[in-house]
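> If it helps, the file is called protein_7.txt and holds compact mmCIF, C-alpha atoms:
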# COMPACT_ATOMS: atom_id res chain seq x y z
CA MET Z 1 -3.18 -40.72 -8.45
CA LYS Z 2 -4.25 -37.76 -10.58
CA GLY Z 3 -7.95 -37.07 -10.12
CA ILE Z 4 -8.41 -40.04 -7.80
CA PHE Z 5 -10.92 -38.06 -5.70
CA ALA Z 6 -12.47 -36.09 -8.56
CA ASN Z 7 -15.90 -37.68 -8.14
CA ARG Z 8 -15.98 -37.52 -4.35
CA SER Z 9 -18.19 -35.11 -2.43
CA ALA Z 10 -17.27 -31.53 -1.55
CA LEU Z 11 -17.09 -32.53 2.12
CA PHE Z 12 -14.59 -35.29 1.35
CA GLN Z 13 -12.45 -32.97 -0.74
CA ALA Z 14 -12.60 -30.35 2.01
CA SER Z 15 -11.39 -33.02 4.44
CA ILE Z 16 -8.44 -33.79 2.16
CA LEU Z 17 -7.54 -30.09 1.99
CA THR Z 18 -7.89 -29.71 5.77
CA TYR Z 19 -5.67 -32.74 6.38
CA LEU Z 20 -3.02 -31.39 4.01
CA PHE Z 21 -3.26 -27.95 5.63
CA LEU Z 22 -2.75 -29.34 9.15
CA THR Z 23 0.08 -31.56 7.95
CA GLY Z 24 1.66 -28.57 6.23
CA LEU Z 25 1.23 -26.52 9.37
CA VAL Z 26 3.26 -29.06 11.36
CA THR Z 27 5.84 -29.45 8.59
CA GLY Z 28 6.20 -25.70 8.26
CA SER Z 29 6.67 -25.36 12.02
CA ILE Z 30 9.40 -28.03 11.98
CA ALA Z 31 11.11 -26.33 9.03
CA GLY Z 32 10.83 -23.01 10.87
CA SER Z 33 12.36 -24.52 14.02
CA ILE Z 34 15.28 -25.94 12.03
CA THR Z 35 15.77 -22.55 10.41
CA THR Z 36 15.70 -20.84 13.80
CA HIS Z 37 18.37 -23.26 15.05
CA LEU Z 38 20.55 -22.58 12.02
CA PHE Z 39 20.21 -18.82 12.43
CA THR Z 40 21.00 -19.10 16.14
CA SER Z 41 24.09 -21.18 15.36
CA SER Z 42 25.28 -18.62 12.82
CA GLN Z 43 24.81 -15.89 15.40
CA GLU Z 44 27.05 -17.78 17.83
CA HIS Z 45 29.85 -18.33 15.30
CA PHE Z 46 29.72 -15.05 13.41
CA SER Z 47 29.41 -11.44 14.50
CA THR Z 48 25.98 -10.85 12.98
CA ASP Z 49 23.60 -8.00 13.67
CA VAL Z 50 21.00 -9.45 16.05
CA ALA Z 51 18.09 -7.36 14.73
CA LEU Z 52 18.90 -8.19 11.10
CA LEU Z 53 19.28 -11.87 11.96
CA SER Z 54 15.88 -11.87 13.67
CA PHE Z 55 14.39 -10.13 10.63
CA TYR Z 56 15.58 -12.84 8.23
CA LYS Z 57 14.62 -15.60 10.68
CA ILE Z 58 11.01 -14.38 10.87
CA HIS Z 59 10.74 -14.01 7.11
CA THR Z 60 12.15 -17.47 6.50
CA SER Z 61 9.63 -18.94 8.92
CA GLN Z 62 6.83 -17.03 7.17
CA PHE Z 63 8.02 -18.33 3.81
CA PHE Z 64 7.94 -21.93 5.02
CA SER Z 65 4.54 -21.37 6.63
CA CYS Z 66 3.02 -20.03 3.40
CA THR Z 67 4.57 -22.79 1.31
CA PHE Z 68 3.68 -25.81 3.45
CA SER Z 69 0.37 -24.61 4.93
CA PHE Z 70 -1.22 -22.89 1.92
CA LEU Z 71 0.50 -23.37 -1.43
CA LEU Z 72 1.40 -27.07 -1.40
CA PRO Z 73 -1.95 -28.23 0.09
CA SER Z 74 -3.85 -26.34 -2.62
CA LEU Z 75 -1.67 -27.80 -5.40
CA ILE Z 76 -1.88 -31.36 -4.05
CA THR Z 77 -5.64 -31.07 -3.50
CA ALA Z 78 -6.09 -29.88 -7.08
CA TYR Z 79 -4.04 -32.84 -8.35
CA LEU Z 80 -5.96 -35.40 -6.28
CA CYS Z 81 -9.44 -33.94 -6.68
CA SER Z 82 -9.49 -33.07 -10.38
CA ASN Z 83 -8.49 -34.56 -13.70
CA HIS Z 84 -7.61 -31.00 -14.71
CA PRO Z 85 -5.71 -29.47 -11.75
CA LYS Z 86 -5.04 -26.20 -13.55
CA LYS Z 87 -8.73 -25.77 -14.29
CA PHE Z 88 -9.54 -26.69 -10.68
CA LEU Z 89 -7.39 -23.78 -9.45
CA HIS Z 90 -8.41 -21.44 -12.29
CA ILE Z 91 -4.85 -21.28 -13.58
CA ARG Z 92 -5.26 -19.71 -17.01
CA SER Z 93 -3.47 -16.97 -18.87
CA ILE Z 94 -4.86 -13.46 -19.35
CA LYS Z 95 -4.43 -12.07 -22.85
CA ASP Z 96 -5.75 -8.58 -22.19
CA ALA Z 97 -3.22 -6.60 -20.12
CA ARG Z 98 -5.89 -3.95 -19.47
CA ILE Z 99 -7.40 -6.30 -16.88
CA PHE Z 100 -4.26 -6.06 -14.74
CA ILE Z 101 -3.95 -2.33 -15.39
CA LEU Z 102 -7.53 -1.77 -14.24
CA THR Z 103 -6.81 -3.71 -11.05
CA PHE Z 104 -4.59 -0.82 -9.87
CA PRO Z 105 -7.34 1.80 -9.43
CA MET Z 106 -9.82 -0.80 -8.13
CA VAL Z 107 -7.53 -1.72 -5.22
CA TYR Z 108 -6.99 1.92 -4.27
CA LEU Z 109 -10.60 3.00 -4.80
CA LEU Z 110 -11.78 0.31 -2.41
CA SER Z 111 -9.19 1.24 0.24
CA PRO Z 112 -11.08 4.21 1.81
CA ALA Z 113 -14.15 2.03 2.48
CA ILE Z 114 -11.99 -0.76 3.90
CA ASP Z 115 -10.13 1.75 6.09
CA LEU Z 116 -13.45 3.03 7.40
CA THR Z 117 -14.69 -0.45 8.30
CA SER Z 118 -11.29 -1.16 9.84
CA TYR Z 119 -11.64 1.80 12.18
CA LEU Z 120 -15.19 0.79 13.13
CA ASN Z 121 -14.15 -2.83 13.67
CA SER Z 122 -11.19 -1.87 15.85
CA ASN Z 123 -13.44 0.11 18.19
CA ILE Z 124 -16.04 -2.61 18.77
CA GLN Z 125 -16.57 -3.24 22.47
CA LEU Z 126 -18.05 -6.55 23.55
CA PRO Z 127 -20.55 -6.86 26.44
CA GLU Z 128 -19.10 -6.77 29.94
CA PHE Z 129 -19.62 -10.51 30.52
CA MET Z 130 -17.34 -11.16 27.51
CA GLU Z 131 -14.51 -9.05 28.89
CA PRO Z 132 -12.09 -12.06 29.17
CA VAL Z 133 -12.73 -12.86 25.49
CA GLU Z 134 -12.21 -9.24 24.48
CA LYS Z 135 -8.98 -9.11 26.49
CA LEU Z 136 -7.71 -12.26 24.75
CA MET Z 137 -8.58 -10.87 21.32
CA ARG Z 138 -6.83 -7.58 22.03
CA GLU Z 139 -3.74 -9.44 23.27
CA THR Z 140 -3.77 -11.50 20.07
CA LYS Z 141 -4.11 -8.29 18.05
CA ASP Z 142 -1.14 -6.77 19.90
CA GLN Z 143 0.97 -9.88 19.26
CA LEU Z 144 0.17 -9.82 15.55
CA THR Z 145 0.89 -6.09 15.45
CA ARG Z 146 4.31 -6.72 17.00
CA LEU Z 147 4.92 -9.48 14.44
CA THR Z 148 4.02 -7.08 11.64
CA GLU Z 149 6.35 -4.46 13.07
CA SER Z 150 9.13 -7.08 13.18
CA LEU Z 151 8.48 -8.02 9.57
CA LEU Z 152 8.67 -4.39 8.49
CA SER Z 153 11.31 -3.27 10.98
CA GLU Z 154 14.52 -3.32 8.96
CA LYS Z 155 15.26 -0.48 6.58
CA GLY Z 156 17.30 -0.69 3.42
CA VAL Z 157 16.96 -1.92 -0.15
CA ILE Z 158 17.62 -5.62 0.55
CA PRO Z 159 15.14 -5.85 3.50
CA PHE Z 160 12.61 -4.02 1.29
CA ILE Z 161 13.06 -6.61 -1.47
CA VAL Z 162 12.71 -9.41 1.10
CA ASN Z 163 9.49 -7.83 2.42
CA ILE Z 164 8.07 -7.49 -1.09
CA THR Z 165 8.98 -11.10 -1.87
CA VAL Z 166 7.59 -12.69 1.31
CA ILE Z 167 4.80 -10.37 2.51
CA ALA Z 168 3.48 -9.36 -0.91
CA GLY Z 169 4.61 -12.02 -3.37
CA MET Z 170 4.60 -15.29 -1.45
CA ALA Z 171 1.63 -14.43 0.76
CA GLY Z 172 -0.36 -13.22 -2.25
CA ILE Z 173 0.24 -16.38 -4.27
CA ALA Z 174 -0.13 -18.89 -1.42
CA GLU Z 175 -3.26 -17.36 0.12
CA GLU Z 176 -5.03 -16.90 -3.21
CA PHE Z 177 -4.25 -20.43 -4.33
CA ILE Z 178 -5.81 -21.93 -1.23
CA PHE Z 179 -8.70 -19.50 -0.62
CA ARG Z 180 -9.81 -18.32 -4.07
CA GLY Z 181 -8.37 -21.45 -5.69
CA ALA Z 182 -8.97 -24.67 -3.73
CA ILE Z 183 -11.47 -23.59 -1.06
CA LEU Z 184 -13.70 -21.55 -3.38
CA ARG Z 185 -13.72 -24.41 -5.89
CA ILE Z 186 -14.75 -26.93 -3.23
CA VAL Z 187 -17.34 -24.61 -1.68
CA GLY Z 188 -18.70 -23.85 -5.16
CA LYS Z 189 -19.19 -27.56 -5.69
CA LYS Z 190 -21.62 -27.61 -2.76
CA ILE Z 191 -23.09 -24.11 -3.03
CA LYS Z 192 -24.21 -23.34 -6.57
CA ASN Z 193 -24.85 -19.63 -5.92
CA GLN Z 194 -21.44 -18.11 -6.66
CA HIS Z 195 -22.16 -14.92 -4.72
CA VAL Z 196 -22.92 -16.87 -1.54
CA ALA Z 197 -19.81 -18.99 -2.10
CA ILE Z 198 -17.61 -15.91 -2.59
CA TRP Z 199 -18.82 -14.25 0.62
CA LEU Z 200 -18.58 -17.48 2.61
CA VAL Z 201 -14.98 -17.99 1.52
CA ALA Z 202 -14.31 -14.32 2.35
CA VAL Z 203 -15.52 -15.01 5.90
CA ILE Z 204 -13.24 -18.08 6.09
CA PHE Z 205 -10.37 -16.01 4.68
CA SER Z 206 -10.86 -13.36 7.36
CA ALA Z 207 -11.35 -15.87 10.19
CA MET Z 208 -8.13 -17.70 9.26
CA HIS Z 209 -6.16 -14.55 10.05
CA PHE Z 210 -7.28 -14.88 13.70
CA GLN Z 211 -7.71 -11.14 14.11
CA PHE Z 212 -11.14 -10.11 15.36
CA TYR Z 213 -10.29 -6.40 15.14
CA GLY Z 214 -9.57 -6.73 11.43
CA PHE Z 215 -12.33 -9.25 10.74
CA ILE Z 216 -14.85 -7.04 8.90
CA PRO Z 217 -12.44 -5.25 6.52
CA ARG Z 218 -10.81 -8.55 5.61
CA ILE Z 219 -14.21 -9.94 4.66
CA PHE Z 220 -14.68 -7.10 2.16
CA LEU Z 221 -11.14 -7.56 0.86
CA GLY Z 222 -11.72 -11.31 0.49
CA ALA Z 223 -15.01 -10.74 -1.34
CA PHE Z 224 -13.31 -8.30 -3.72
CA LEU Z 225 -10.63 -10.88 -4.51
CA GLY Z 226 -13.33 -13.51 -4.96
CA TYR Z 227 -15.23 -11.40 -7.47
CA LEU Z 228 -12.01 -10.76 -9.40
CA LEU Z 229 -11.72 -14.52 -9.82
CA TYR Z 230 -15.43 -14.85 -10.65
CA TRP Z 231 -15.20 -12.22 -13.40
CA SER Z 232 -11.86 -13.27 -14.89
CA GLN Z 233 -11.86 -17.03 -14.17
CA SER Z 234 -8.11 -16.64 -13.67
CA ILE Z 235 -6.34 -17.00 -10.32
CA TRP Z 236 -3.65 -14.56 -11.47
CA VAL Z 237 -5.98 -11.54 -11.26
CA PRO Z 238 -6.74 -11.87 -7.50
CA VAL Z 239 -3.09 -12.87 -6.94
CA PHE Z 240 -2.03 -9.61 -8.56
CA ALA Z 241 -4.56 -7.59 -6.54
CA HIS Z 242 -3.46 -9.28 -3.29
CA PHE Z 243 0.19 -8.62 -4.18
CA LEU Z 244 -0.59 -4.99 -4.99
CA ASN Z 245 -2.47 -4.50 -1.71
CA ASN Z 246 0.37 -5.89 0.43
CA ALA Z 247 3.14 -4.32 -1.66
CA THR Z 248 1.52 -0.91 -1.17
CA ILE Z 249 1.71 -1.34 2.60
CA VAL Z 250 5.34 -2.49 2.45
CA THR Z 251 6.29 0.41 0.17
CA ALA Z 252 4.43 2.98 2.26
CA ASN Z 253 6.21 1.69 5.37
CA PHE Z 254 9.55 1.78 3.56
CA ILE Z 255 9.18 5.45 2.67
CA GLY Z 256 7.82 6.23 6.14
CA LEU Z 257 4.14 6.99 5.49
CA TYR Z 258 2.85 4.65 8.20
CA THR Z 259 3.79 1.51 10.09
CA ASN Z 260 0.50 -0.33 10.48
CA SER Z 261 -0.50 -3.68 9.04
CA PRO Z 262 -2.34 -3.91 5.71
CA ILE Z 263 -5.83 -3.82 7.26
CA GLU Z 264 -5.14 -1.47 10.16
CA ILE Z 265 -4.36 1.86 8.59
CA MET Z 266 -6.77 3.64 10.97
CA PRO Z 267 -5.55 2.53 14.42
CA ALA Z 268 -7.89 1.99 17.35
CA GLY Z 269 -8.19 4.83 19.79
CA LYS Z 270 -7.43 7.55 17.27
CA ASN Z 271 -9.43 10.70 17.93
CA THR Z 272 -11.77 11.24 15.03
CA ASP Z 273 -14.00 14.29 15.15
CA ARG Z 274 -17.24 14.76 13.26
CA GLU Z 275 -15.61 16.66 10.40
CA ASN Z 276 -13.09 13.89 9.77
CA TRP Z 277 -15.88 11.33 9.86
CA ILE Z 278 -17.84 13.25 7.23
CA VAL Z 279 -14.79 13.59 5.00
CA GLY Z 280 -13.97 9.89 5.46
CA ILE Z 281 -17.50 8.83 4.53
CA ILE Z 282 -17.59 11.12 1.48
CA VAL Z 283 -14.24 9.78 0.25
CA ALA Z 284 -15.36 6.19 0.85
CA VAL Z 285 -18.67 6.69 -1.00
CA ALA Z 286 -16.93 8.44 -3.91
CA GLY Z 287 -14.37 5.64 -4.03
CA LEU Z 288 -17.10 3.00 -4.08
CA PHE Z 289 -18.91 4.81 -6.90
CA LEU Z 290 -15.78 4.91 -9.05
CA PHE Z 291 -15.00 1.34 -8.00
CA ALA Z 292 -18.42 0.26 -9.31
CA LEU Z 293 -17.67 1.89 -12.68
CA CYS Z 294 -14.31 0.11 -12.83
CA ALA Z 295 -15.96 -3.18 -11.86
CA ARG Z 296 -18.40 -2.82 -14.75
CA LEU Z 297 -15.52 -2.25 -17.16
CA MET Z 298 -13.55 -5.10 -15.57
CA LYS Z 299 -16.42 -7.56 -16.17
CA LYS Z 300 -16.62 -6.46 -19.81
CA LEU Z 301 -12.87 -6.85 -20.36
CA CYS Z 302 -12.83 -10.25 -18.66
CA SER Z 303 -15.72 -11.43 -20.81
CA LEU Z 304 -13.91 -10.35 -23.98
CA ASP Z 305 -10.69 -11.98 -22.79
CA LYS Z 306 -12.39 -15.33 -22.08
CA ASN Z 307 -14.11 -15.26 -25.47
CA ALA Z 308 -10.80 -14.47 -27.20
CA ILE Z 309 -9.04 -17.39 -25.51
CA ALA Z 310 -11.97 -19.74 -26.22
CA SER Z 311 -11.97 -18.74 -29.91
CA SER Z 312 -8.20 -19.21 -30.12
CA CYS Z 313 -8.37 -22.66 -28.53
CA GLU Z 314 -11.27 -23.68 -30.76
CA ALA Z 315 -9.41 -22.56 -33.86
CA GLN Z 316 -6.36 -24.57 -32.80
CA ASN Z 317 -8.54 -27.51 -31.66
CA HIS Z 318 -6.72 -27.38 -28.32
CA ASP Z 319 -7.85 -27.67 -24.74
CA PRO Z 320 -7.36 -24.29 -22.96
CA ASP Z 321 -5.02 -25.86 -20.39
CA ILE Z 322 -2.99 -27.63 -23.06
CA SER Z 323 -2.66 -24.53 -25.23
CA HIS Z 324 -1.62 -22.56 -22.17
CA GLU Z 325 1.15 -25.06 -21.47
CA GLN Z 326 2.30 -24.99 -25.11
CA SER Z 327 2.43 -21.21 -25.07
CA HIS Z 328 5.10 -21.48 -22.43
Can you turn what I pasted into structure tokens?


Amino acid sequence: MKGIFANRSALFQASILTYLFLTGLVTGSIAGSITTHLFTSSQEHFSTDVALLSFYKIHTSQFFSCTFSFLLPSLITAYLCSNHPKKFLHIRSIKDARIFILTFPMVYLLSPAIDLTSYLNSNIQLPEFMEPVEKLMRETKDQLTRLTESLLSEKGVIPFIVNITVIAGMAGIAEEFIFRGAILRIVGKKIKNQHVAIWLVAVIFSAMHFQFYGFIPRIFLGAFLGYLLYWSQSIWVPVFAHFLNNATIVTANFIGLYTNSPIEIMPAGKNTDRENWIVGIIVAVAGLFLFALCARLMKKLCSLDKNAIASSCEAQNHDPDISHEQSH
């Protein structure tokens, strides 16, 4: 079964991934329903805090959703569509720890520009004839905001660890494996220009969140994660950046800085005078300038890291994937 569809077209492989995603979506929903039933039963038999029970129920459902809809489909697709599944998903080790260290400032330097586009996106008004569509999108946004608030509602060390595990850890791994791993690989098979492929997958990444009022900033975030993969050729770099982005939001909420979702730090309807706009633009431009310098250094470090691994594998007469497995 391994690599059985390796020589099939990108469209065929995309169909396989889509089928597995939809199947996982149904399976995850069933698993979530069973979990909900179990939690409800425990509430009836034990004196359990209702809010805390709801908190764990939502997180368990999210965990199943990420696992069955994103992570497993990407792993199975890689196994079926490649003779080297690890290479298909860009699963390779990073020798130079400076690459991960440099990811820290890059995530935060990009944040002001993303926040600015988030505010602009959230204040977009559609033409009057599209008012029903706009109303539906705002209702969807409100529902997702309430879900986010539920996910981040409980305070305490254990709920914080759960949030970090599910919202930052599991979401970061599962989403990167399917978007920057499987989807970008399949799209890259059809579209040879890697820059076009990265931005196209970023659009898909944003669209799959079903949030019009966070659509533009998520495109930029997705493109950033795509370029991290392009430079490093390792899925673990965008996974780490995605984790860091979400973990920052969870941590900031935990210490009480703000309560918004990861892409909605500047809420719609907030009064922003001209002076604040000027300051925001200056900070965003300065952040982008420093981000560009970091990106240049990142590309250099990634190039050195890939050369070091290639030289090591050549000296040992090992395949990179095989030597990676032996190292563990």

> Determine the nearest neighbour of Z:Arg138 from the options Z:Ala174, Z:Phe212, Z:Gly181, Z:Phe100, counting only C-alpha atoms.

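Checking each of Z:Ala174, Z:Phe212, Z:Gly181, Z:Phe100 against Z:Arg138, counting only C-alpha atoms, the winner is Z:Phe212.
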
> Residues near Z:Leu151, anyone? I mean within 9 Å using only C-alpha atoms, not counting same-chain ones fewer than 5 positions away, as a list in words.

Phe55, Tyr56, Ile58, His59, Arg146, Asn163 and Ile167 of chain Z

> Which of these, Z:Tyr213, Z:Leu304, Z:His90, Z:Leu110, has the shortest distance to Z:Phe289 once you count only C-alpha atoms?

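The closest residue to Z:Phe289 is Z:Leu110.
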
> Using all atoms listed in the file, find the one residue out of Z:Ser54, Z:Asn83, Z:Asn121, Z:Ser206 that sits nearest to Z:Leu147.

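Smallest distance to Z:Leu147 is found for Z:Ser54.
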
> Nearest residue to Z:His84 out of Z:Ile249, Z:Ala6, Z:Ala223, Z:Met137, using all atoms listed in the file?

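The shortest atom-to-atom distance to Z:His84 comes from Z:Ala6.
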
> Restricting the calculation to all atoms listed in the file, which member of Z:Leu288, Z:Leu184, Z:Cys302, Z:Ile101 is positioned closest to Z:Val196?

Z:Leu184

> Quick check, in Å to one decimal: how far apart do atom CA of Z:Lys87 and atom CA of Z:Gly24 lie?

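For atom CA of Z:Lys87 relative to atom CA of Z:Gly24, the distance reads 23.2 Å.
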
> Please determine, counting all atoms listed in the file, which residue among Z:Lys192, Z:Lys135, Z:Lys141, Z:Arg98 has the shortest atom-to-atom distance to Z:His209.

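When distances to Z:His209 are compared using all atoms listed in the file, the smallest one comes from Z:Lys141.
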